[in-house]
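Dropping input_34.tsv in here (TSV, C-alpha atoms):
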```
chain	number	residue	atom	x	y	z
A	1	MET	CA	0.00	0.00	0.00
A	2	ALA	CA	1.45	3.36	-1.01
A	3	ASP	CA	2.12	6.00	1.62
A	4	ALA	CA	-0.47	8.67	1.93
A	5	SER	CA	0.52	11.84	0.14
A	6	ARG	CA	-0.26	14.85	2.28
A	7	LEU	CA	0.96	18.46	2.41
A	8	LYS	CA	3.00	19.52	5.39
A	9	ALA	CA	1.59	22.26	7.59
A	10	GLY	CA	4.21	24.78	6.48
A	11	ASP	CA	3.61	24.05	2.80
A	12	LEU	CA	-0.14	24.25	3.32
A	13	ILE	CA	0.13	27.71	4.91
A	14	SER	CA	2.42	28.89	2.11
A	15	LEU	CA	0.01	27.60	-0.49
A	16	ALA	CA	-2.98	29.12	1.30
A	17	SER	CA	-1.37	32.56	1.36
A	18	LEU	CA	-0.48	32.42	-2.31
A	19	GLY	CA	-3.66	34.14	-3.39
A	20	LEU	CA	-3.12	36.96	-0.88
A	21	ARG	CA	0.40	37.58	-2.10
A	22	ILE	CA	-0.35	37.44	-5.81
A	23	ARG	CA	-3.74	39.22	-5.99
A	24	ARG	CA	-3.29	41.99	-3.45
A	25	LEU	CA	-5.86	44.40	-4.89
A	26	ARG	CA	-8.52	41.72	-5.09
A	27	THR	CA	-7.80	40.68	-1.52
A	28	ALA	CA	-8.05	44.29	-0.33
A	29	LEU	CA	-11.37	44.79	-2.10
A	30	SER	CA	-12.80	41.56	-0.73
A	31	ALA	CA	-11.74	42.62	2.77
A	32	LEU	CA	-13.37	46.04	2.54
A	33	GLY	CA	-16.92	44.88	3.19
A	34	ILE	CA	-15.95	42.79	6.20
A	35	CYS	CA	-13.83	45.66	7.57
A	36	ILE	CA	-16.77	48.04	7.31
A	37	GLY	CA	-19.15	45.61	8.99
A	38	ILE	CA	-16.87	44.71	11.90
A	39	SER	CA	-15.75	48.30	12.43
A	40	ALA	CA	-19.36	49.51	12.41
A	41	ILE	CA	-20.54	46.96	14.95
A	42	VAL	CA	-17.56	47.28	17.32
A	43	GLY	CA	-17.39	51.05	16.92
A	44	VAL	CA	-21.08	51.63	17.57
A	45	LEU	CA	-21.15	49.35	20.60
A	46	GLY	CA	-17.95	50.82	22.01
A	47	ILE	CA	-18.98	54.45	21.58
A	48	THR	CA	-22.54	54.00	22.83
A	49	GLN	CA	-21.50	51.86	25.79
A	50	SER	CA	-18.89	54.46	26.79
A	51	SER	CA	-21.43	57.27	26.40
A	52	GLN	CA	-24.07	55.40	28.38
A	53	SER	CA	-21.64	54.58	31.17
A	54	ASP	CA	-20.71	58.27	31.39
A	55	LEU	CA	-24.39	59.25	31.46
A	56	LEU	CA	-25.19	56.69	34.14
A	57	ALA	CA	-22.24	57.92	36.19
A	58	GLN	CA	-23.53	61.47	35.75
A	59	ILE	CA	-27.02	60.45	36.93
A	60	ASP	CA	-25.55	58.67	39.95
A	61	ARG	CA	-23.37	61.67	40.74
A	62	LEU	CA	-26.18	64.22	40.44
A	63	GLY	CA	-28.75	62.02	42.12
A	64	THR	CA	-32.34	61.24	41.20
A	65	ASN	CA	-33.83	62.73	44.35
A	66	LEU	CA	-34.31	66.32	43.14
A	67	LEU	CA	-37.92	67.37	42.48
A	68	THR	CA	-39.20	70.69	41.20
A	69	VAL	CA	-42.53	72.36	41.92
A	70	GLN	CA	-43.77	74.97	39.44
A	71	ASN	CA	-46.82	77.11	39.11
A	72	GLY	CA	-49.17	75.63	36.54
A	73	ARG	CA	-52.14	76.99	34.62
A	74	GLN	CA	-55.58	78.02	35.76
A	75	PHE	CA	-58.76	76.63	34.23
A	76	ASN	CA	-59.08	79.68	31.95
A	77	GLY	CA	-55.49	79.26	30.68
A	78	GLY	CA	-53.96	82.00	32.81
A	79	GLU	CA	-50.83	81.49	34.86
A	80	ALA	CA	-51.50	80.33	38.40
A	81	ASN	CA	-49.60	81.48	41.50
A	82	LEU	CA	-47.97	79.26	44.07
A	83	PRO	CA	-48.91	80.34	47.62
A	84	VAL	CA	-46.32	82.40	49.46
A	85	SER	CA	-46.31	79.74	52.18
A	86	ALA	CA	-45.69	76.86	49.73
A	87	THR	CA	-41.99	76.57	50.52
A	88	ALA	CA	-42.55	76.39	54.27
A	89	MET	CA	-45.35	73.83	53.91
A	90	ILE	CA	-43.23	71.58	51.70
A	91	GLY	CA	-40.42	71.78	54.24
A	92	HIS	CA	-42.68	70.09	56.81
A	93	ILE	CA	-42.78	66.83	54.83
A	94	PRO	CA	-40.59	64.40	56.84
A	95	ALA	CA	-38.62	63.00	53.86
A	96	VAL	CA	-37.64	66.47	52.55
A	97	GLN	CA	-33.96	67.27	53.10
A	98	HIS	CA	-33.65	70.68	51.41
A	99	VAL	CA	-36.17	73.08	49.92
A	100	SER	CA	-35.61	76.44	48.26
A	101	ALA	CA	-37.72	78.76	46.13
A	102	THR	CA	-36.98	81.01	43.18
A	103	ALA	CA	-39.13	83.43	41.20
A	104	LEU	CA	-38.65	84.58	37.62
A	105	LEU	CA	-38.80	88.36	37.39
A	106	SER	CA	-39.83	90.48	34.44
A	107	GLN	CA	-36.77	92.78	34.44
A	108	PRO	CA	-34.04	92.00	31.88
A	109	VAL	CA	-30.33	92.09	32.65
A	110	PHE	CA	-27.62	93.83	30.61
A	111	ARG	CA	-23.87	94.09	30.81
A	112	THR	CA	-24.08	97.89	30.85
A	113	ASP	CA	-26.77	100.55	30.74
A	114	LEU	CA	-25.83	101.32	27.12
A	115	VAL	CA	-26.98	97.97	25.71
A	116	PRO	CA	-30.24	98.19	23.69
A	117	SER	CA	-33.28	96.91	25.57
A	118	PHE	CA	-34.08	94.21	23.00
A	119	GLU	CA	-30.70	92.45	23.36
A	120	THR	CA	-31.53	90.31	26.39
A	121	GLY	CA	-29.86	87.14	25.13
A	122	GLY	CA	-32.47	85.00	26.84
A	123	ILE	CA	-30.93	85.70	30.23
A	124	GLY	CA	-33.49	85.94	33.03
A	125	VAL	CA	-33.41	87.48	36.48
A	126	ARG	CA	-34.57	85.32	39.37
A	127	ALA	CA	-35.21	86.15	42.98
A	128	THR	CA	-33.80	83.36	45.08
A	129	GLU	CA	-33.53	82.21	48.64
A	130	THR	CA	-30.11	81.75	50.19
A	131	SER	CA	-30.72	78.00	50.60
A	132	LEU	CA	-30.77	77.40	46.83
A	133	ILE	CA	-27.15	76.28	46.55
A	134	GLY	CA	-27.76	73.54	49.13
A	135	ALA	CA	-30.97	72.31	47.53
A	136	LEU	CA	-29.30	72.00	44.12
A	137	ASP	CA	-26.08	70.61	45.59
A	138	GLY	CA	-24.24	73.19	43.51
A	139	THR	CA	-20.84	74.79	43.83
A	140	VAL	CA	-19.54	78.31	43.30
A	141	LEU	CA	-16.92	78.69	40.58
A	142	HIS	CA	-15.84	82.22	41.53
A	143	GLY	CA	-16.73	84.42	44.48
A	144	THR	CA	-19.48	83.53	46.95
A	145	PHE	CA	-23.19	82.82	46.96
A	146	LEU	CA	-25.87	85.02	48.45
A	147	ASN	CA	-26.22	85.03	52.23
A	148	ALA	CA	-28.57	86.69	54.70
A	149	ALA	CA	-26.65	89.95	54.50
A	150	SER	CA	-25.89	90.24	50.76
A	151	ALA	CA	-29.44	89.19	49.83
A	152	ARG	CA	-30.67	92.57	51.15
A	153	TYR	CA	-28.38	94.61	48.90
A	154	PRO	CA	-27.99	94.97	45.12
A	155	ALA	CA	-25.76	91.94	44.76
A	156	ALA	CA	-26.06	89.27	42.06
A	157	VAL	CA	-24.80	85.75	41.38
A	158	LEU	CA	-24.47	84.62	37.77
A	159	GLY	CA	-25.36	81.22	36.43
A	160	PHE	CA	-22.71	79.57	34.29
A	161	GLY	CA	-24.43	80.28	30.97
A	162	ALA	CA	-25.37	83.81	31.97
A	163	ALA	CA	-21.75	84.57	32.84
A	164	GLU	CA	-20.64	83.27	29.45
A	165	TYR	CA	-23.17	85.44	27.62
A	166	LEU	CA	-22.32	88.55	29.61
A	167	GLY	CA	-18.60	87.97	29.08
A	168	ILE	CA	-17.76	87.66	32.77
A	169	ASP	CA	-15.33	84.83	33.51
A	170	ARG	CA	-13.62	86.06	36.67
A	171	LEU	CA	-14.17	88.41	39.59
A	172	ASP	CA	-10.68	89.65	40.37
A	173	ARG	CA	-11.97	93.22	40.10
A	174	PRO	CA	-15.39	94.82	40.86
A	175	THR	CA	-17.95	93.81	38.23
A	176	ARG	CA	-21.47	95.12	37.80
A	177	VAL	CA	-24.55	94.34	35.71
A	178	TRP	CA	-27.56	96.52	34.89
A	179	ILE	CA	-30.89	95.18	36.23
A	180	GLY	CA	-34.16	97.08	36.43
A	181	GLY	CA	-32.61	100.50	36.00
A	182	ARG	CA	-29.90	100.09	38.63
A	183	TRP	CA	-26.49	98.54	39.07
A	184	PHE	CA	-25.99	95.20	40.83
A	185	THR	CA	-22.54	94.05	41.93
A	186	VAL	CA	-21.61	90.53	40.83
A	187	ILE	CA	-20.39	88.58	43.86
A	188	GLY	CA	-20.31	85.05	42.46
A	189	ILE	CA	-20.44	82.74	39.43
A	190	LEU	CA	-21.90	79.25	39.72
A	191	GLU	CA	-20.60	76.02	38.26
A	192	ARG	CA	-22.78	74.45	35.59
A	193	LEU	CA	-25.94	72.85	37.01
A	194	THR	CA	-26.99	69.94	34.81
A	195	LEU	CA	-30.28	69.34	36.61
A	196	ALA	CA	-31.23	73.03	36.66
A	197	PRO	CA	-30.40	74.53	33.24
A	198	GLU	CA	-32.75	77.45	33.92
A	199	ILE	CA	-30.45	78.54	36.74
A	200	ASP	CA	-27.47	78.37	34.39
A	201	GLN	CA	-29.17	80.97	32.18
A	202	SER	CA	-30.18	83.29	35.03
A	203	VAL	CA	-28.87	86.08	37.19
A	204	LEU	CA	-29.78	85.47	40.82
A	205	VAL	CA	-30.62	88.25	43.27
A	206	GLY	CA	-31.72	88.11	46.87
A	207	TRP	CA	-35.40	87.74	47.82
A	208	PRO	CA	-35.52	90.93	49.94
A	209	ILE	CA	-33.85	93.21	47.35
A	210	ALA	CA	-36.13	91.83	44.64
A	211	GLU	CA	-39.18	92.82	46.69
A	212	SER	CA	-37.89	96.26	47.57
A	213	ALA	CA	-36.19	97.32	44.33
A	214	LEU	CA	-37.48	95.17	41.46
A	215	GLY	CA	-41.22	95.05	42.09
A	216	PHE	CA	-41.33	91.39	43.12
A	217	ASN	CA	-44.72	90.34	44.54
A	218	GLY	CA	-43.37	87.52	46.72
A	219	TYR	CA	-44.97	84.56	44.88
A	220	PRO	CA	-42.46	81.81	43.99
A	221	THR	CA	-42.55	80.35	40.50
A	222	ARG	CA	-40.28	77.33	41.01
A	223	ILE	CA	-39.39	75.41	44.18
A	224	TYR	CA	-36.52	72.92	44.33
A	225	VAL	CA	-36.97	70.01	46.71
A	226	ARG	CA	-34.23	67.54	47.65
A	227	VAL	CA	-35.68	64.40	49.28
A	228	GLN	CA	-34.52	61.04	50.55
A	229	THR	CA	-33.76	58.78	47.59
A	230	ASP	CA	-36.01	55.95	48.73
A	231	GLN	CA	-38.93	58.35	49.29
A	232	VAL	CA	-38.97	60.12	45.92
A	233	THR	CA	-42.17	58.52	44.67
A	234	ALA	CA	-44.04	59.09	47.92
A	235	VAL	CA	-42.99	62.74	48.19
A	236	ASP	CA	-43.78	63.30	44.51
A	237	ALA	CA	-47.41	62.41	45.18
A	238	LEU	CA	-47.58	64.79	48.18
A	239	LEU	CA	-45.98	67.90	46.70
A	240	ALA	CA	-48.91	69.27	44.69
A	241	PRO	CA	-51.53	69.08	47.48
A	242	THR	CA	-49.01	70.33	50.01
A	243	ALA	CA	-47.86	73.31	47.96
A	244	ASN	CA	-51.39	74.40	47.02
A	245	PRO	CA	-54.06	72.56	49.03
A	246	GLN	CA	-56.94	74.48	47.44
A	247	ASN	CA	-55.86	73.96	43.82
A	248	PRO	CA	-53.40	71.06	43.56
A	249	ASP	CA	-54.22	70.73	39.85
A	250	GLN	CA	-52.54	74.11	39.29
A	251	VAL	CA	-49.17	72.76	40.46
A	252	ALA	CA	-46.67	71.03	38.16
A	253	VAL	CA	-44.23	68.57	39.73
A	254	SER	CA	-41.30	67.11	37.79
A	255	ARG	CA	-38.03	65.30	38.33
A	256	PRO	CA	-35.11	66.79	36.32
A	257	SER	CA	-33.16	63.51	36.25
A	258	ASP	CA	-35.94	62.00	34.11
A	259	ALA	CA	-34.56	64.05	31.20
A	260	LEU	CA	-31.20	62.30	31.55
A	261	ALA	CA	-32.94	58.92	31.70
A	262	ALA	CA	-34.82	59.84	28.51
A	263	ARG	CA	-31.50	60.61	26.82
A	264	LEU	CA	-30.28	57.18	27.85
A	265	ALA	CA	-33.36	55.54	26.33
A	266	VAL	CA	-32.90	57.45	23.07
A	267	GLN	CA	-29.27	56.35	22.89
A	268	SER	CA	-30.29	52.72	23.42
A	269	SER	CA	-32.83	52.86	20.59
A	270	SER	CA	-30.37	54.53	18.22
A	271	THR	CA	-27.79	51.87	19.08
A	272	THR	CA	-30.18	49.14	17.90
A	273	LEU	CA	-30.73	50.95	14.61
A	274	ILE	CA	-27.04	51.48	13.91
A	275	LEU	CA	-26.23	47.88	14.85
A	276	GLY	CA	-28.76	46.80	12.22
A	277	LEU	CA	-26.93	48.94	9.67
A	278	GLY	CA	-23.63	47.37	10.72
A	279	ALA	CA	-25.10	43.89	10.29
A	280	ILE	CA	-26.27	44.86	6.79
A	281	ALA	CA	-22.77	46.09	5.98
A	282	LEU	CA	-21.41	42.77	7.21
A	283	LEU	CA	-23.86	40.87	5.02
A	284	VAL	CA	-23.01	43.02	2.00
A	285	GLY	CA	-19.36	42.28	2.66
A	286	GLY	CA	-20.14	38.57	2.70
A	287	VAL	CA	-21.93	38.84	-0.63
A	288	GLY	CA	-18.94	40.68	-2.06
A	289	ILE	CA	-16.61	38.00	-0.75
A	290	ALA	CA	-18.76	35.30	-2.32
A	291	ASN	CA	-18.59	37.07	-5.66
A	292	VAL	CA	-14.82	37.64	-5.53
A	293	MET	CA	-14.18	34.10	-4.31
A	294	PHE	CA	-16.38	32.60	-6.98
A	295	ILE	CA	-14.62	34.51	-9.76
A	296	SER	CA	-11.24	33.54	-8.33
A	297	VAL	CA	-12.25	29.89	-8.22
A	298	LEU	CA	-13.55	29.98	-11.79
A	299	GLU	CA	-10.23	31.39	-12.98
A	300	ARG	CA	-8.30	28.56	-11.32
A	301	ARG	CA	-10.72	25.67	-11.53
A	302	SER	CA	-8.58	23.81	-14.09
A	303	GLU	CA	-5.63	23.96	-11.70
A	304	GLY	CA	-7.67	22.55	-8.82
A	305	SER	CA	-9.24	19.79	-10.85
A	306	VAL	CA	-5.99	18.64	-12.40
A	307	ALA	CA	-4.34	18.69	-8.99
A	308	ARG	CA	-7.14	16.54	-7.63
A	309	TRP	CA	-6.75	14.07	-10.58
A	310	ALA	CA	-2.99	13.89	-10.13
A	311	ARG	CA	-2.94	12.99	-6.43
A	312	PRO	CA	-3.41	9.42	-5.16
A	313	ALA	CA	-7.00	8.29	-4.74
A	314	HIS	CA	-6.66	7.69	-1.03
A	315	THR	CA	-5.49	11.19	-0.20
A	316	SER	CA	-7.60	13.70	1.73
A	317	PRO	CA	-10.18	16.03	0.11
A	318	PRO	CA	-8.98	19.25	-1.54
A	319	SER	CA	-7.29	20.69	1.54
A	320	SER	CA	-5.34	23.30	-0.39
A	321	TRP	CA	-8.54	24.94	-1.65
A	322	ARG	CA	-10.14	24.86	1.78
A	323	SER	CA	-6.98	26.22	3.36
A	324	ARG	CA	-6.91	29.13	0.92
A	325	CYS	CA	-10.50	29.94	1.78
A	326	TYR	CA	-9.99	29.70	5.54
A	327	PHE	CA	-6.66	31.54	5.50
A	328	ARG	CA	-8.05	34.46	3.55
A	329	ARG	CA	-11.03	34.80	5.87
A	330	TRP	CA	-8.79	34.54	8.94
A	331	VAL	CA	-6.41	37.25	7.73
A	332	VAL	CA	-9.21	39.61	6.69
A	333	CYS	CA	-11.23	39.18	9.89
A	334	SER	CA	-8.22	39.42	12.18
A	335	ALA	CA	-7.11	42.64	10.52
A	336	SER	CA	-10.63	44.05	10.71
A	337	SER	CA	-11.05	43.23	14.39
A	338	SER	CA	-7.67	44.64	15.38
A	339	ASP	CA	-8.39	47.82	13.42
A	340	SER	CA	-11.91	48.36	14.79
A	341	GLU	CA	-11.08	48.70	18.50
A	342	PRO	CA	-8.78	51.80	18.55
A	343	ARG	CA	-11.35	54.09	16.92
A	344	PRO	CA	-14.06	53.96	19.61
A	345	ARG	CA	-11.35	54.06	22.27
A	346	ALA	CA	-9.88	57.24	20.79
A	347	TYR	CA	-13.32	58.85	20.42
A	348	ALA	CA	-14.36	58.02	23.99
A	349	THR	CA	-11.06	59.40	25.31
A	350	ALA	CA	-11.50	62.60	23.32
A	351	GLN	CA	-15.00	63.06	24.78
A	352	GLY	CA	-13.74	62.52	28.33
A	353	TRP	CA	-15.76	59.32	28.79
A	354	SER	CA	-14.64	56.17	30.53
A	355	VAL	CA	-13.65	53.71	27.79
A	356	LEU	CA	-16.00	50.73	27.76
A	357	ILE	CA	-15.83	48.36	24.79
A	358	PRO	CA	-17.70	45.08	25.44
A	359	PRO	CA	-15.37	42.14	24.59
A	360	ILE	CA	-18.38	40.23	23.32
A	361	ALA	CA	-18.80	42.83	20.55
A	362	ILE	CA	-15.33	42.12	19.13
A	363	TRP	CA	-15.68	38.36	19.38
A	364	ALA	CA	-19.23	38.33	18.04
A	365	ALA	CA	-18.29	40.49	15.06
A	366	LEU	CA	-15.22	38.33	14.39
A	367	PHE	CA	-17.26	35.13	14.61
A	368	ALA	CA	-19.94	36.51	12.30
A	369	ALA	CA	-17.33	37.62	9.78
A	370	VAL	CA	-15.58	34.23	9.83
A	371	VAL	CA	-18.86	32.36	9.36
A	372	ILE	CA	-20.00	34.61	6.52
A	373	GLY	CA	-16.60	34.49	4.84
A	374	ALA	CA	-16.28	30.72	5.18
A	375	ALA	CA	-19.79	30.12	3.91
A	376	ALA	CA	-19.20	32.50	1.00
A	377	GLY	CA	-15.86	31.04	-0.04
A	378	LEU	CA	-15.96	27.36	0.86
A	379	TYR	CA	-18.83	26.29	-1.39
A	380	PRO	CA	-17.37	27.52	-4.72
A	381	ALA	CA	-13.96	26.15	-3.70
A	382	LEU	CA	-15.38	22.67	-3.13
A	383	ARG	CA	-17.34	22.82	-6.40
A	384	ALA	CA	-14.19	23.70	-8.32
A	385	ALA	CA	-12.13	21.02	-6.59
A	386	ARG	CA	-14.74	18.37	-7.51
A	387	LEU	CA	-14.85	19.42	-11.15
A	388	ASN	CA	-14.08	16.57	-13.56
A	389	PRO	CA	-10.51	16.94	-14.86
A	390	THR	CA	-11.64	16.26	-18.44
A	391	ASP	CA	-14.10	19.15	-18.27
A	392	ALA	CA	-11.48	21.35	-16.68
A	393	LEU	CA	-8.92	20.65	-19.41
A	394	ARG	CA	-11.53	21.18	-22.10
A	395	ALA	CA	-12.17	24.68	-20.72
A	396	VAL	CA	-8.49	25.63	-20.83
```

Please lay out the structure from this file as structure tokens.
Amino acid sequence: MADASRLKAGDLISLASLGLRIRRLRTALSALGICIGISAIVGVLGITQSSQSDLLAQIDRLGTNLLTVQNGRQFNGGEANLPVSATAMIGHIPAVQHVSATALLSQPVFRTDLVPSFETGGIGVRATETSLIGALDGTVLHGTFLNAASARYPAAVLGFGAAEYLGIDRLDRPTRVWIGGRWFTVIGILERLTLAPEIDQSVLVGWPIAESALGFNGYPTRIYVRVQTDQVTAVDALLAPTANPQNPDQVAVSRPSDALAARLAVQSSSTTLILGLGAIALLVGGVGIANVMFISVLERRSEGSVARWARPAHTSPPSSWRSRCYFRRWVVCSASSSDSEPRPRAYATAQGWSVLIPPIAIWAALFAAVVIGAAAGLYPALRAARLNPTDALRAV
């Protein structure tokens, strides 16, 4: 019995890589679809997971226990008033930790008295209680916040956005703004408040000076309530009847952190859509690979058939053809997977997010690419290898 004729492993690898070394452009084009598919899937998952982790960390840091109470609408459509005693009544709820009221005033604010009256920039003036900074868990970027003494005088604290619009970024020298026909000295600038964007775009003045100098009637328009985290739902149900027992339907209660949760839900839905597009790109790449592989096999089918006819009958099936198919898929998919990970990592780093790329995304994309590539290339390779040598030579 003759010895079995088989290719050595080294020779098989050399033979399998022959197509890659000879037809470089074709190999690059066949790899493009798979590269796009794997990069899309890994990139989308990496970027969205990093963004979501940053958003979740932001929600945890800011807390979900901040509630706001606003004046709603009357039955005739007019604006309702919160009772003057609403803040004190809410403070009597046992689970309430901090409560503070603000009121939006009608007077605009300007950098100087020479600015035209129509250039307000969307910056509002709000009367505020001195406890606001504690209720919002905010910090002062420059200067100080209002206290019991400064709240009685024409002193103002700027929200982060208001300071940007007014062009005030530091307080190393006396700075004033023009409010209601008189000058107010800026004593502080707040850090950005994610859960209270309306404060970011406001200039805050003390409650007493607003009543005495700016025509404030004493009715709050928004009350911030910080409660125990495990009592948020219970307190939410009590706020409206507590703030306005006679007309609880004219009170609007909301939780600012719900907006961040909504952003998270939108990101999750968009991730599903883009993953579908990545899967389509992967499928299109597989179709392209099938086409390129099929044409390549047709060009070399005589070689494969004659090689099959020339080898002993007891040798193994056409391993050289299968090895070429597998080797090409392995090289393409490995290159695509190694190239897809740095992009979402670099983007997440540039955005200041914590880098979070699920390992399952890389392995799943690699597995899908290998399966698609093998299925697309193996079938035409086997068909060519099983072609009758007589037919193959006739076609030469």

Original post:
With only C-alpha atoms as the atoms that count, which of A:Asn81, A:Gln74, A:Thr130, A:Asn65 lies nearest to Ala234 in chain A?
Top reply: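 Closest candidate: A:Asn65.
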
**OP:** May I have the protein, DNA and RNA residues with any atom at most 9 Å from the point (-29.5, 87.4, 31.4), counting only C-alpha atoms, written as a PyMOL selection string?
**Re:** chain A and resi 108-111+120-125+158-159+161-163+165-166+201-203

Subject >> Protein, DNA and RNA residues within 10 Å of (-33.2, 100.7, 35.6), all atoms listed in the file, as number ranges by chain >> reply: A: 107-109, 113, 178-183, 213-214

Original post:
Quick one: distance from CA of Tyr224 in chain A to CA of Ala135 in chain A in Å, one decimal?
Top reply: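 Atom-to-atom, CA of Tyr224 in chain A and CA of Ala135 in chain A are spaced 6.4 Å apart.
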
**OP:** Calculate how many Å separate CA of Pro83 in chain A from CA of Tyr153 in chain A, rounding to one decimal.
**Re:**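 Going from CA of Pro83 in chain A over to CA of Tyr153 in chain A, I get 25.0 Å.
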
Original post:
Which distance in Å separates CA of Ser85 in chain A and CA of Gly206 in chain A, to one decimal?
Top reply: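 So the answer is 17.6 Å.
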
Original post:
Which residue out of A:Asn244, A:Ser131, A:Thr64, A:Thr194 has the minimum interatomic distance to Val232 in chain A when all atoms listed in the file are used?
Top reply: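 The shortest atom-to-atom distance to Val232 in chain A comes from A:Thr64.
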
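Each of A:Ala148, A:Ala240, A:Ile93, A:Ala80 was checked against Thr68 in chain A using all atoms listed in the file; the smallest atom-to-atom distance is that of A:Ala240.
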
Subject >> Pick from A:Leu238, A:Ile189, A:Val205, A:Ala101, whichever lies nearest to Val140 in chain A using all atoms listed in the file >> reply: A:Ile189

Can you pull out the residues contacting Val235 in chain A? Cut-off 9 Å, using only C-alpha atoms, and skip same-chain residues under 6 positions away; I want them as a PDB file with C-alpha atoms, in the frame of the given file.
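The resulting file, selection-v7.pdb, is shown below:
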```pdb
ATOM      1  CA  LEU A  67     -37.920  67.370  42.480  1.00  0.00           C
ATOM      2  CA  ILE A  93     -42.780  66.830  54.830  1.00  0.00           C
ATOM      3  CA  ALA A  95     -38.620  63.000  53.860  1.00  0.00           C
ATOM      4  CA  VAL A  96     -37.640  66.470  52.550  1.00  0.00           C
ATOM      5  CA  VAL A 227     -35.680  64.400  49.280  1.00  0.00           C
ATOM      6  CA  GLN A 228     -34.520  61.040  50.550  1.00  0.00           C
TER       7      GLN A 228
END
```

Original post:
Which residue gives the smallest distance to Gly143 in chain A among A:Glu119, A:Asp236, A:Glu129, A:Asp172, with only C-alpha atoms counted?
Top reply: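 Smallest separation from Gly143 in chain A among the options: A:Asp172.
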
Build an axis-aligned box that encloses every atom of range 177-180 of chain A listed in the file, pad it by 8 Å on each side, and report its centre and edge lengths in Å to one decimal, as JSON.
```
{"center_x": -29.4, "center_y": 95.7, "center_z": 35.7, "size_x": 25.6, "size_y": 18.7, "size_z": 17.5}
```

Original post:
Which residue gives the smallest distance to Arg152 in chain A among A:Asp249, A:Asp169, A:Asp230, A:Glu211, with all atoms listed in the file counted?
Top reply: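 Among the listed residues, A:Glu211 lies closest to Arg152 in chain A.
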